[in-house]
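Trainee: For reference, this is model_17.cif, and it has mmCIF, C-alpha atoms; chains and numbers go by the auth columns.
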```cif
data_start
loop_
_atom_site.group_PDB
_atom_site.id
_atom_site.type_symbol
_atom_site.label_atom_id
_atom_site.label_comp_id
_atom_site.label_asym_id
_atom_site.label_seq_id
_atom_site.Cartn_x
_atom_site.Cartn_y
_atom_site.Cartn_z
_atom_site.B_iso_or_equiv
_atom_site.auth_seq_id
_atom_site.auth_asym_id
ATOM 1 C CA MET A 1 100.741 106.917 74.787 0.00 229 A
ATOM 2 C CA LYS A 2 102.427 103.894 73.211 0.00 230 A
ATOM 3 C CA ALA A 3 103.296 101.148 75.664 0.00 231 A
ATOM 4 C CA ASP A 4 105.746 98.310 75.078 0.00 232 A
ATOM 5 C CA LEU A 5 103.562 96.030 77.187 0.00 233 A
ATOM 6 C CA VAL A 6 99.900 96.170 78.212 0.00 234 A
ATOM 7 C CA LEU A 7 99.034 94.384 81.450 0.00 235 A
ATOM 8 C CA ASP A 8 95.377 93.641 82.091 0.00 236 A
ATOM 9 C CA THR A 9 94.541 93.311 85.800 0.00 237 A
ATOM 10 C CA LYS A 10 90.875 94.236 85.448 0.00 238 A
ATOM 11 C CA GLY A 11 88.742 92.456 88.036 0.00 239 A
ATOM 12 C CA MET A 12 91.693 91.636 90.267 0.00 240 A
ATOM 13 C CA ALA A 13 91.724 92.696 93.904 0.00 241 A
ATOM 14 C CA CYS A 14 94.568 94.130 95.967 0.00 242 A
ATOM 15 C CA PRO A 15 97.437 93.181 96.010 0.00 243 A
ATOM 16 C CA MET A 16 97.248 91.370 92.668 0.00 244 A
ATOM 17 C CA PRO A 17 97.567 94.398 90.338 0.00 245 A
ATOM 18 C CA ILE A 18 100.830 95.352 92.062 0.00 246 A
ATOM 19 C CA VAL A 19 102.116 91.768 92.136 0.00 247 A
ATOM 20 C CA LYS A 20 101.360 91.295 88.433 0.00 248 A
ATOM 21 C CA ALA A 21 102.885 94.683 87.618 0.00 249 A
ATOM 22 C CA LYS A 22 106.091 93.807 89.416 0.00 250 A
ATOM 23 C CA LYS A 23 106.415 90.534 87.513 0.00 251 A
ATOM 24 C CA ALA A 24 105.646 92.186 84.191 0.00 252 A
ATOM 25 C CA LEU A 25 108.083 95.037 84.757 0.00 253 A
ATOM 26 C CA ASP A 26 110.838 92.555 85.624 0.00 254 A
ATOM 27 C CA GLY A 27 110.617 91.324 82.033 0.00 255 A
ATOM 28 C CA LEU A 28 111.119 94.766 80.491 0.00 256 A
ATOM 29 C CA ALA A 29 114.329 96.623 79.700 0.00 257 A
ATOM 30 C CA PRO A 30 115.098 100.020 81.261 0.00 258 A
ATOM 31 C CA GLY A 31 113.348 102.802 79.345 0.00 259 A
ATOM 32 C CA GLN A 32 110.471 100.594 78.222 0.00 260 A
ATOM 33 C CA ILE A 33 106.901 101.518 79.108 0.00 261 A
ATOM 34 C CA MET A 34 104.219 99.334 80.654 0.00 262 A
ATOM 35 C CA GLU A 35 100.529 100.154 80.656 0.00 263 A
ATOM 36 C CA VAL A 36 98.623 98.615 83.559 0.00 264 A
ATOM 37 C CA GLN A 37 94.836 98.429 83.384 0.00 265 A
ATOM 38 C CA SER A 38 92.970 97.995 86.657 0.00 266 A
ATOM 39 C CA THR A 39 89.482 98.275 88.087 0.00 267 A
ATOM 40 C CA ASP A 40 90.698 98.295 91.697 0.00 268 A
ATOM 41 C CA LYS A 41 89.904 101.732 93.163 0.00 269 A
ATOM 42 C CA GLY A 42 92.770 101.347 95.631 0.00 270 A
ATOM 43 C CA SER A 43 95.234 101.032 92.770 0.00 271 A
ATOM 44 C CA VAL A 44 95.272 104.807 92.169 0.00 272 A
ATOM 45 C CA ASN A 45 97.094 105.412 95.434 0.00 273 A
ATOM 46 C CA ASP A 46 98.894 102.078 95.329 0.00 274 A
ATOM 47 C CA PHE A 47 100.600 102.669 91.992 0.00 275 A
ATOM 48 C CA GLN A 48 101.828 106.079 93.047 0.00 276 A
ATOM 49 C CA ALA A 49 103.294 104.614 96.227 0.00 277 A
ATOM 50 C CA TRP A 50 104.688 101.662 94.289 0.00 278 A
ATOM 51 C CA VAL A 51 106.700 103.765 91.831 0.00 279 A
ATOM 52 C CA LYS A 52 107.922 105.924 94.698 0.00 280 A
ATOM 53 C CA GLN A 53 109.281 102.850 96.479 0.00 281 A
ATOM 54 C CA THR A 54 110.590 100.999 93.439 0.00 282 A
ATOM 55 C CA LYS A 55 112.059 104.162 91.820 0.00 283 A
ATOM 56 C CA HIS A 56 110.317 103.627 88.513 0.00 284 A
ATOM 57 C CA GLU A 57 108.453 106.482 86.872 0.00 285 A
ATOM 58 C CA LEU A 58 104.698 106.934 86.631 0.00 286 A
ATOM 59 C CA LEU A 59 104.436 108.885 83.373 0.00 287 A
ATOM 60 C CA SER A 60 100.688 109.371 83.617 0.00 288 A
ATOM 61 C CA TYR A 61 97.450 107.783 84.678 0.00 289 A
ATOM 62 C CA LYS A 62 93.862 108.248 83.714 0.00 290 A
ATOM 63 C CA GLU A 63 90.435 106.798 84.317 0.00 291 A
ATOM 64 C CA GLU A 64 88.170 105.754 81.472 0.00 292 A
ATOM 65 C CA SER A 65 84.702 104.483 82.390 0.00 293 A
ATOM 66 C CA GLY A 66 85.827 102.748 85.568 0.00 294 A
ATOM 67 C CA ILE A 67 89.116 101.453 84.178 0.00 295 A
ATOM 68 C CA TYR A 68 92.311 102.962 85.508 0.00 296 A
ATOM 69 C CA LYS A 69 95.297 103.080 83.193 0.00 297 A
ATOM 70 C CA PHE A 70 98.792 103.598 84.540 0.00 298 A
ATOM 71 C CA PHE A 71 101.802 104.221 82.313 0.00 299 A
ATOM 72 C CA VAL A 72 104.965 103.167 84.085 0.00 300 A
ATOM 73 C CA LYS A 73 108.458 103.632 82.681 0.00 301 A
ATOM 74 C CA LYS A 74 111.059 101.178 83.883 0.00 302 A
ATOM 75 C CA ILE A 75 114.136 102.963 85.190 0.00 303 A
ATOM 76 C CA MET B 1 119.469 99.153 100.722 0.00 101 B
ATOM 77 C CA SER B 2 116.016 97.751 100.263 0.00 102 B
ATOM 78 C CA THR B 3 113.218 98.037 102.788 0.00 103 B
ATOM 79 C CA LYS B 4 112.986 95.129 105.210 0.00 104 B
ATOM 80 C CA VAL B 5 109.600 93.948 106.447 0.00 105 B
ATOM 81 C CA ALA B 6 109.438 91.577 109.435 0.00 106 B
ATOM 82 C CA ILE B 7 106.108 89.908 110.162 0.00 107 B
ATOM 83 C CA ILE B 8 104.984 87.637 113.004 0.00 108 B
ATOM 84 C CA ALA B 9 101.944 85.469 112.189 0.00 109 B
ATOM 85 C CA SER B 10 100.499 84.013 115.373 0.00 110 B
ATOM 86 C CA ASN B 11 96.832 83.442 114.474 0.00 111 B
ATOM 87 C CA GLY B 12 95.355 80.742 112.290 0.00 112 B
ATOM 88 C CA GLY B 13 92.096 81.956 110.741 0.00 113 B
ATOM 89 C CA LEU B 14 91.304 82.889 107.152 0.00 114 B
ATOM 90 C CA PHE B 15 91.208 86.607 107.959 0.00 115 B
ATOM 91 C CA ASP B 16 94.610 86.328 109.613 0.00 116 B
ATOM 92 C CA ALA B 17 96.001 84.589 106.540 0.00 117 B
ATOM 93 C CA TYR B 18 94.850 87.400 104.240 0.00 118 B
ATOM 94 C CA LYS B 19 96.292 90.073 106.505 0.00 119 B
ATOM 95 C CA VAL B 20 99.652 88.333 106.549 0.00 120 B
ATOM 96 C CA PHE B 21 99.962 87.319 102.908 0.00 121 B
ATOM 97 C CA ASN B 22 98.490 90.498 101.386 0.00 122 B
ATOM 98 C CA ILE B 23 101.025 92.658 103.186 0.00 123 B
ATOM 99 C CA ALA B 24 103.812 90.168 102.484 0.00 124 B
ATOM 100 C CA THR B 25 103.154 89.899 98.730 0.00 125 B
ATOM 101 C CA ALA B 26 102.545 93.629 98.354 0.00 126 B
ATOM 102 C CA SER B 27 105.836 94.359 100.151 0.00 127 B
ATOM 103 C CA ALA B 28 107.799 91.826 98.130 0.00 128 B
ATOM 104 C CA ALA B 29 106.293 93.190 94.903 0.00 129 B
ATOM 105 C CA THR B 30 107.529 96.611 96.009 0.00 130 B
ATOM 106 C CA ASP B 31 111.095 95.290 96.194 0.00 131 B
ATOM 107 C CA ALA B 32 111.128 94.824 99.967 0.00 132 B
ATOM 108 C CA GLU B 33 112.911 91.955 101.657 0.00 133 B
ATOM 109 C CA VAL B 34 110.252 90.090 103.648 0.00 134 B
ATOM 110 C CA ALA B 35 110.386 87.403 106.346 0.00 135 B
ATOM 111 C CA ILE B 36 107.440 85.935 108.224 0.00 136 B
ATOM 112 C CA PHE B 37 107.779 84.020 111.477 0.00 137 B
ATOM 113 C CA PHE B 38 104.882 81.576 111.928 0.00 138 B
ATOM 114 C CA THR B 39 104.219 80.665 115.520 0.00 139 B
ATOM 115 C CA PHE B 40 101.418 78.969 117.503 0.00 140 B
ATOM 116 C CA GLU B 41 98.125 79.048 115.525 0.00 141 B
ATOM 117 C CA GLY B 42 99.975 80.948 112.822 0.00 142 B
ATOM 118 C CA LEU B 43 101.485 77.623 111.761 0.00 143 B
ATOM 119 C CA ASN B 44 98.071 76.732 110.265 0.00 144 B
ATOM 120 C CA LEU B 45 98.732 79.280 107.531 0.00 145 B
ATOM 121 C CA ILE B 46 101.578 77.194 106.088 0.00 146 B
ATOM 122 C CA HIS B 47 100.410 73.715 107.101 0.00 147 B
ATOM 123 C CA LYS B 48 100.070 71.531 103.995 0.00 148 B
ATOM 124 C CA GLN B 49 96.440 70.587 104.583 0.00 149 B
ATOM 125 C CA ALA B 50 95.215 73.260 106.996 0.00 150 B
ATOM 126 C CA HIS B 51 96.082 76.248 104.786 0.00 151 B
ATOM 127 C CA HIS B 52 93.582 75.007 102.186 0.00 152 B
ATOM 128 C CA GLN B 53 90.653 75.217 104.622 0.00 153 B
ATOM 129 C CA LEU B 54 91.267 77.948 107.149 0.00 154 B
ATOM 130 C CA PRO B 55 88.296 78.813 109.340 0.00 155 B
ATOM 131 C CA LEU B 56 86.306 82.049 109.160 0.00 156 B
ATOM 132 C CA PRO B 57 85.452 83.682 112.485 0.00 157 B
ATOM 133 C CA ALA B 58 82.381 82.095 114.102 0.00 158 B
ATOM 134 C CA GLY B 59 79.185 83.665 112.784 0.00 159 B
ATOM 135 C CA ARG B 60 80.930 85.236 109.772 0.00 160 B
ATOM 136 C CA GLU B 61 80.716 82.251 107.443 0.00 161 B
ATOM 137 C CA GLN B 62 78.626 84.219 104.932 0.00 162 B
ATOM 138 C CA ILE B 63 81.744 86.279 104.151 0.00 163 B
ATOM 139 C CA ALA B 64 83.068 83.345 102.095 0.00 164 B
ATOM 140 C CA GLU B 65 80.779 84.559 99.340 0.00 165 B
ATOM 141 C CA GLY B 66 82.190 88.065 99.619 0.00 166 B
ATOM 142 C CA PHE B 67 85.692 86.744 98.979 0.00 167 B
ATOM 143 C CA LYS B 68 84.443 84.971 95.880 0.00 168 B
ATOM 144 C CA ASN B 69 82.495 87.984 94.587 0.00 169 B
ATOM 145 C CA ALA B 70 85.454 90.323 95.064 0.00 170 B
ATOM 146 C CA ASN B 71 87.642 87.905 93.089 0.00 171 B
ATOM 147 C CA ILE B 72 90.108 87.481 95.964 0.00 172 B
ATOM 148 C CA PRO B 73 92.875 84.927 95.325 0.00 173 B
ATOM 149 C CA SER B 74 92.889 81.813 97.507 0.00 174 B
ATOM 150 C CA ILE B 75 95.376 81.496 100.348 0.00 175 B
ATOM 151 C CA PRO B 76 97.364 78.704 98.612 0.00 176 B
ATOM 152 C CA GLU B 77 97.661 81.003 95.576 0.00 177 B
ATOM 153 C CA LEU B 78 98.876 83.895 97.730 0.00 178 B
ATOM 154 C CA VAL B 79 101.360 81.645 99.536 0.00 179 B
ATOM 155 C CA ALA B 80 102.775 80.421 96.242 0.00 180 B
ATOM 156 C CA MET B 81 103.044 83.992 95.024 0.00 181 B
ATOM 157 C CA ALA B 82 104.786 85.085 98.206 0.00 182 B
ATOM 158 C CA GLN B 83 107.340 82.317 97.797 0.00 183 B
ATOM 159 C CA GLU B 84 107.857 83.148 94.145 0.00 184 B
ATOM 160 C CA LEU B 85 108.554 86.758 95.145 0.00 185 B
ATOM 161 C CA GLY B 86 111.187 85.575 97.616 0.00 186 B
ATOM 162 C CA VAL B 87 109.323 85.969 100.913 0.00 187 B
ATOM 163 C CA LYS B 88 111.182 84.037 103.588 0.00 188 B
ATOM 164 C CA ILE B 89 108.945 81.708 105.598 0.00 189 B
ATOM 165 C CA ILE B 90 110.165 80.645 109.027 0.00 190 B
ATOM 166 C CA ALA B 91 108.244 78.087 111.105 0.00 191 B
ATOM 167 C CA CYS B 92 108.715 78.233 114.868 0.00 192 B
ATOM 168 C CA GLN B 93 110.620 75.170 116.031 0.00 193 B
ATOM 169 C CA MET B 94 109.353 75.412 119.584 0.00 194 B
ATOM 170 C CA THR B 95 105.671 75.443 118.548 0.00 195 B
ATOM 171 C CA MET B 96 106.314 72.544 116.177 0.00 196 B
ATOM 172 C CA ASP B 97 107.767 70.532 119.066 0.00 197 B
ATOM 173 C CA VAL B 98 104.800 71.360 121.305 0.00 198 B
ATOM 174 C CA MET B 99 102.311 70.371 118.600 0.00 199 B
ATOM 175 C CA ASN B 100 104.356 67.407 117.418 0.00 200 B
ATOM 176 C CA LEU B 101 104.672 68.734 113.871 0.00 201 B
ATOM 177 C CA LYS B 102 107.490 68.002 111.434 0.00 202 B
ATOM 178 C CA LYS B 103 108.941 70.065 108.614 0.00 203 B
ATOM 179 C CA GLU B 104 107.259 67.654 106.156 0.00 204 B
ATOM 180 C CA ASP B 105 103.839 68.669 107.527 0.00 205 B
ATOM 181 C CA PHE B 106 104.328 72.109 106.014 0.00 206 B
ATOM 182 C CA ILE B 107 104.483 73.502 102.493 0.00 207 B
ATOM 183 C CA ASP B 108 107.798 73.147 100.672 0.00 208 B
ATOM 184 C CA GLY B 109 110.444 75.818 100.775 0.00 209 B
ATOM 185 C CA ILE B 110 110.166 76.850 104.412 0.00 210 B
ATOM 186 C CA GLU B 111 112.841 77.311 107.030 0.00 211 B
ATOM 187 C CA VAL B 112 112.507 76.092 110.586 0.00 212 B
ATOM 188 C CA GLY B 113 114.013 78.255 113.266 0.00 213 B
ATOM 189 C CA GLY B 114 113.826 79.689 116.728 0.00 214 B
ATOM 190 C CA ALA B 115 113.047 83.163 117.945 0.00 215 B
ATOM 191 C CA VAL B 116 116.596 84.333 117.377 0.00 216 B
ATOM 192 C CA THR B 117 116.476 83.309 113.709 0.00 217 B
ATOM 193 C CA PHE B 118 113.622 85.766 113.275 0.00 218 B
ATOM 194 C CA LEU B 119 115.139 88.427 115.512 0.00 219 B
ATOM 195 C CA ASP B 120 118.340 88.342 113.506 0.00 220 B
ATOM 196 C CA PHE B 121 116.305 89.342 110.451 0.00 221 B
ATOM 197 C CA ALA B 122 114.021 91.740 112.322 0.00 222 B
ATOM 198 C CA LYS B 123 116.677 93.687 114.205 0.00 223 B
ATOM 199 C CA ASP B 124 117.179 96.185 111.398 0.00 224 B
ATOM 200 C CA ALA B 125 113.766 95.894 109.746 0.00 225 B
ATOM 201 C CA ASN B 126 112.085 99.118 108.629 0.00 226 B
ATOM 202 C CA VAL B 127 108.606 97.705 109.210 0.00 227 B
ATOM 203 C CA SER B 128 107.626 95.191 111.907 0.00 228 B
ATOM 204 C CA LEU B 129 104.113 93.779 112.034 0.00 229 B
ATOM 205 C CA THR B 130 102.300 91.233 114.179 0.00 230 B
ATOM 206 C CA PHE B 131 99.127 89.464 113.130 0.00 231 B
#
```
Give the structure from the file, written as structure tokens.

Mentor:
Amino acid sequence: MKADLVLDTKGMACPMPIVKAKKALDGLAPGQIMEVQSTDKGSVNDFQAWVKQTKHELLSYKEESGIYKFFVKKI
Amino acid sequence: MSTKVAIIASNGGLFDAYKVFNIATASAATDAEVAIFFTFEGLNLIHKQAHHQLPLPAGREQIAEGFKNANIPSIPELVAMAQELGVKIIACQMTMDVMNLKKEDFIDGIEVGGAVTFLDFAKDANVSLTF
């Protein structure tokens, strides 16, 4: 999937991936896609809850050798 | 309307600071409106000097290394982030009077208020927490 912005939060602990994601998404236009990379195991549940609360869309997520990748579309 | 999160911080250790500021920054980053009322020992968490060197619980000093290994941000970093995300910080006037503290003794950008200042925010909060 092609993202308009790739945000690297690898190595960061909760709540930093979410905080960084919020700031990054603020800079995007509606319809644009952000890819967040994280190594925080808690981020799998956190990103799902985050999009639910913020009304953005989690297009997909996957795990590749310990790195979680979340594709979030700004609504 | 956005979610409102009302937090009372009444303890002054490093663990307390992380509990307060992790929830506060996570909430604010999730588009919630957040206010924290700092009272009694909780005032340490926003005191200009004290918040740089908050104590660990007695006998748990070795945990300092754990924070470093897990790449946990420092409390001053989390405080700055909370403020950047719009978290409202209210210092308890009454405790400040008791402890002879002035607004200048605290980090910039705080409000000073009484219990009712906080209650006015908290009365229709969706989430209320005390640490």

Trainee: Figure out the distance between atom CA of B:Gln149 and atom CA of B:Glu161, please, to one decimal in Å.

Mentor: 19.8 Å

Trainee: Could you pull the residues within 7 Å of stretch 266-273 of chain A, counting all atoms listed in the file, minus those fewer than 5 positions along the same chain, as a PDB file with C-alpha atoms, keeping the file's coordinate frame?

Mentor:
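Saved as result_0.pdb:
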```pdb
ATOM      1  CA  ASP A 236      95.377  93.641  82.091  1.00  0.00           C
ATOM      2  CA  THR A 237      94.541  93.311  85.800  1.00  0.00           C
ATOM      3  CA  LYS A 238      90.875  94.236  85.448  1.00  0.00           C
ATOM      4  CA  GLY A 239      88.742  92.456  88.036  1.00  0.00           C
ATOM      5  CA  MET A 240      91.693  91.636  90.267  1.00  0.00           C
ATOM      6  CA  ALA A 241      91.724  92.696  93.904  1.00  0.00           C
ATOM      7  CA  PRO A 245      97.567  94.398  90.338  1.00  0.00           C
ATOM      8  CA  GLY A 294      85.827 102.748  85.568  1.00  0.00           C
ATOM      9  CA  ILE A 295      89.116 101.453  84.178  1.00  0.00           C
ATOM     10  CA  TYR A 296      92.311 102.962  85.508  1.00  0.00           C
ATOM     11  CA  LYS A 297      95.297 103.080  83.193  1.00  0.00           C
TER      12      LYS A 297
END
```

Trainee: Using only C-alpha atoms, which residue out of B:Gly166, B:Gly142, B:Pro157, B:Gly213 lies closest to B:Ile190?

Mentor: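 The answer is B:Gly213, which sits nearest to B:Ile190.
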
Trainee: What do you get, as a list in words, if you spell out every residue that the PyMOL selection byres ((chain B) within 10 of (chain A)) selects here?

Mentor: Ser102, Thr103, Phe121, Asn122, Ile123, Ala124, Thr125, Ala126, Ser127, Ala128, Ala129, Thr130, Asp131, Ala132, Phe167, Ala170, Asn171, Ile172, Pro173, Leu178, Met181, Ala182 and Leu185 of chain B

Trainee: Let me see the file: selected residues, C-alpha atoms, as a PDB file, in the coordinates of the input.

Mentor:
```
ATOM      1  CA  SER B 102     116.016  97.751 100.263  1.00  0.00           C
ATOM      2  CA  THR B 103     113.218  98.037 102.788  1.00  0.00           C
ATOM      3  CA  PHE B 121      99.962  87.319 102.908  1.00  0.00           C
ATOM      4  CA  ASN B 122      98.490  90.498 101.386  1.00  0.00           C
ATOM      5  CA  ILE B 123     101.025  92.658 103.186  1.00  0.00           C
ATOM      6  CA  ALA B 124     103.812  90.168 102.484  1.00  0.00           C
ATOM      7  CA  THR B 125     103.154  89.899  98.730  1.00  0.00           C
ATOM      8  CA  ALA B 126     102.545  93.629  98.354  1.00  0.00           C
ATOM      9  CA  SER B 127     105.836  94.359 100.151  1.00  0.00           C
ATOM     10  CA  ALA B 128     107.799  91.826  98.130  1.00  0.00           C
ATOM     11  CA  ALA B 129     106.293  93.190  94.903  1.00  0.00           C
ATOM     12  CA  THR B 130     107.529  96.611  96.009  1.00  0.00           C
ATOM     13  CA  ASP B 131     111.095  95.290  96.194  1.00  0.00           C
ATOM     14  CA  ALA B 132     111.128  94.824  99.967  1.00  0.00           C
ATOM     15  CA  PHE B 167      85.692  86.744  98.979  1.00  0.00           C
ATOM     16  CA  ALA B 170      85.454  90.323  95.064  1.00  0.00           C
ATOM     17  CA  ASN B 171      87.642  87.905  93.089  1.00  0.00           C
ATOM     18  CA  ILE B 172      90.108  87.481  95.964  1.00  0.00           C
ATOM     19  CA  PRO B 173      92.875  84.927  95.325  1.00  0.00           C
ATOM     20  CA  LEU B 178      98.876  83.895  97.730  1.00  0.00           C
ATOM     21  CA  MET B 181     103.044  83.992  95.024  1.00  0.00           C
ATOM     22  CA  ALA B 182     104.786  85.085  98.206  1.00  0.00           C
ATOM     23  CA  LEU B 185     108.554  86.758  95.145  1.00  0.00           C
TER      24      LEU B 185
END
```

Trainee: Please measure the separation of atom CA of A:Leu286 and atom CA of B:Lys104, giving the value in Å to one decimal.

Mentor: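 Going from atom CA of A:Leu286 over to atom CA of B:Lys104, I get 23.5 Å.
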
Trainee: Enclose the full set of atoms of stretch 216-227 of chain B listed in the file within a box whose edges lie along x, y and z, apply 3 Å of padding to each of the six sides, and report centre and edge lengths in Å to one decimal as AutoDock Vina command-line options.

Mentor:
```
--center_x 113.5 --center_y 91.2 --center_z 113.0 --size_x 15.7 --size_y 21.8 --size_z 14.7
```

Trainee: Starting from the displayed file, determine the output of the PyMOL selection byres ((chain A and resi 299-302) around 6) and express the residue list as a list of chain:residue names.

Mentor: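 After applying the PyMOL selection byres ((chain A and resi 299-302) around 6), what remains is A:Pro258, A:Gly259, A:Gln260, A:Ile261, A:Met262, A:Glu263, A:His284, A:Glu285, A:Leu286, A:Leu287, A:Ser288, A:Phe298, A:Ile303.
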
Trainee: Between A:Lys230, A:Gln265, A:Ala252, A:Gln276, which residue has the minimum interatomic distance to A:Ser293, considering only C-alpha atoms?

Mentor: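 So, comparing all the options, the nearest one is A:Gln265.
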
Trainee: In Å, with one decimal, what is the gap from atom CA of B:Met199 to atom CA of B:Phe140?

Mentor: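 Pair atom CA of B:Met199 / atom CA of B:Phe140 returns 8.7 Å.
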
Trainee: So that I can check the surroundings of B:Ala106, please list as a ChimeraX atom specification every protein, DNA and RNA residue that reaches within 7 Å of it, counting all atoms listed in the file and ignoring chain neighbours fewer than 5 positions away.

Mentor: /B:134-136,222,225,227-229

Trainee: Could I see stretch 196-213 of chain B restored to N, CA, C and O atoms, set down as a PDB file, in the coordinates of the input?

Mentor:
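File written: part-v8.pdb
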```pdb
ATOM      1  N   MET B 196     106.383  73.830 116.876  1.00  0.00           N
ATOM      2  CA  MET B 196     106.314  72.544 116.177  1.00  0.00           C
ATOM      3  C   MET B 196     106.548  71.393 117.141  1.00  0.00           C
ATOM      4  O   MET B 196     105.872  70.365 117.072  1.00  0.00           O
ATOM      5  N   ASP B 197     107.500  71.566 118.055  1.00  0.00           N
ATOM      6  CA  ASP B 197     107.767  70.532 119.066  1.00  0.00           C
ATOM      7  C   ASP B 197     106.555  70.330 119.967  1.00  0.00           C
ATOM      8  O   ASP B 197     106.154  69.203 120.258  1.00  0.00           O
ATOM      9  N   VAL B 198     105.967  71.431 120.406  1.00  0.00           N
ATOM     10  CA  VAL B 198     104.800  71.360 121.305  1.00  0.00           C
ATOM     11  C   VAL B 198     103.646  70.639 120.606  1.00  0.00           C
ATOM     12  O   VAL B 198     102.941  69.830 121.207  1.00  0.00           O
ATOM     13  N   MET B 199     103.450  70.932 119.327  1.00  0.00           N
ATOM     14  CA  MET B 199     102.311  70.371 118.600  1.00  0.00           C
ATOM     15  C   MET B 199     102.664  69.101 117.855  1.00  0.00           C
ATOM     16  O   MET B 199     101.845  68.580 117.099  1.00  0.00           O
ATOM     17  N   ASN B 200     103.888  68.640 118.057  1.00  0.00           N
ATOM     18  CA  ASN B 200     104.356  67.407 117.418  1.00  0.00           C
ATOM     19  C   ASN B 200     104.225  67.463 115.889  1.00  0.00           C
ATOM     20  O   ASN B 200     103.680  66.558 115.262  1.00  0.00           O
ATOM     21  N   LEU B 201     104.708  68.551 115.323  1.00  0.00           N
ATOM     22  CA  LEU B 201     104.672  68.734 113.871  1.00  0.00           C
ATOM     23  C   LEU B 201     106.082  68.665 113.298  1.00  0.00           C
ATOM     24  O   LEU B 201     107.044  69.075 113.954  1.00  0.00           O
ATOM     25  N   LYS B 202     106.178  68.120 112.087  1.00  0.00           N
ATOM     26  CA  LYS B 202     107.490  68.002 111.434  1.00  0.00           C
ATOM     27  C   LYS B 202     107.541  68.928 110.227  1.00  0.00           C
ATOM     28  O   LYS B 202     106.506  69.354 109.721  1.00  0.00           O
ATOM     29  N   LYS B 203     108.762  69.175 109.760  1.00  0.00           N
ATOM     30  CA  LYS B 203     108.941  70.065 108.614  1.00  0.00           C
ATOM     31  C   LYS B 203     108.125  69.577 107.414  1.00  0.00           C
ATOM     32  O   LYS B 203     107.589  70.377 106.651  1.00  0.00           O
ATOM     33  N   GLU B 204     107.993  68.243 107.285  1.00  0.00           N
ATOM     34  CA  GLU B 204     107.259  67.654 106.156  1.00  0.00           C
ATOM     35  C   GLU B 204     105.753  67.949 106.231  1.00  0.00           C
ATOM     36  O   GLU B 204     105.031  67.753 105.257  1.00  0.00           O
ATOM     37  N   ASP B 205     105.267  68.352 107.404  1.00  0.00           N
ATOM     38  CA  ASP B 205     103.839  68.669 107.527  1.00  0.00           C
ATOM     39  C   ASP B 205     103.508  70.020 106.891  1.00  0.00           C
ATOM     40  O   ASP B 205     102.331  70.375 106.742  1.00  0.00           O
ATOM     41  N   PHE B 206     104.542  70.756 106.527  1.00  0.00           N
ATOM     42  CA  PHE B 206     104.328  72.109 106.014  1.00  0.00           C
ATOM     43  C   PHE B 206     104.618  72.179 104.520  1.00  0.00           C
ATOM     44  O   PHE B 206     105.187  71.252 103.939  1.00  0.00           O
ATOM     45  N   ILE B 207     104.218  73.278 103.911  1.00  0.00           N
ATOM     46  CA  ILE B 207     104.483  73.502 102.493  1.00  0.00           C
ATOM     47  C   ILE B 207     105.991  73.474 102.240  1.00  0.00           C
ATOM     48  O   ILE B 207     106.776  73.688 103.169  1.00  0.00           O
ATOM     49  N   ASP B 208     106.374  73.210 101.010  1.00  0.00           N
ATOM     50  CA  ASP B 208     107.798  73.147 100.672  1.00  0.00           C
ATOM     51  C   ASP B 208     108.412  74.545 100.710  1.00  0.00           C
ATOM     52  O   ASP B 208     107.719  75.546 100.558  1.00  0.00           O
ATOM     53  N   GLY B 209     109.705  74.561 100.889  1.00  0.00           N
ATOM     54  CA  GLY B 209     110.444  75.818 100.775  1.00  0.00           C
ATOM     55  C   GLY B 209     110.467  76.673 102.027  1.00  0.00           C
ATOM     56  O   GLY B 209     110.760  77.863 101.952  1.00  0.00           O
ATOM     57  N   ILE B 210     110.126  76.059 103.181  1.00  0.00           N
ATOM     58  CA  ILE B 210     110.166  76.850 104.412  1.00  0.00           C
ATOM     59  C   ILE B 210     111.471  76.599 105.162  1.00  0.00           C
ATOM     60  O   ILE B 210     112.184  75.636 104.898  1.00  0.00           O
ATOM     61  N   GLU B 211     111.742  77.513 106.091  1.00  0.00           N
ATOM     62  CA  GLU B 211     112.841  77.311 107.030  1.00  0.00           C
ATOM     63  C   GLU B 211     112.232  77.025 108.385  1.00  0.00           C
ATOM     64  O   GLU B 211     111.129  77.481 108.677  1.00  0.00           O
ATOM     65  N   VAL B 212     112.953  76.286 109.202  1.00  0.00           N
ATOM     66  CA  VAL B 212     112.507  76.092 110.586  1.00  0.00           C
ATOM     67  C   VAL B 212     113.541  76.768 111.462  1.00  0.00           C
ATOM     68  O   VAL B 212     114.744  76.614 111.243  1.00  0.00           O
ATOM     69  N   GLY B 213     113.051  77.546 112.427  1.00  0.00           N
ATOM     70  CA  GLY B 213     114.013  78.255 113.266  1.00  0.00           C
ATOM     71  C   GLY B 213     113.420  78.675 114.587  1.00  0.00           C
ATOM     72  O   GLY B 213     112.215  78.530 114.821  1.00  0.00           O
TER      73      GLY B 213
END
```
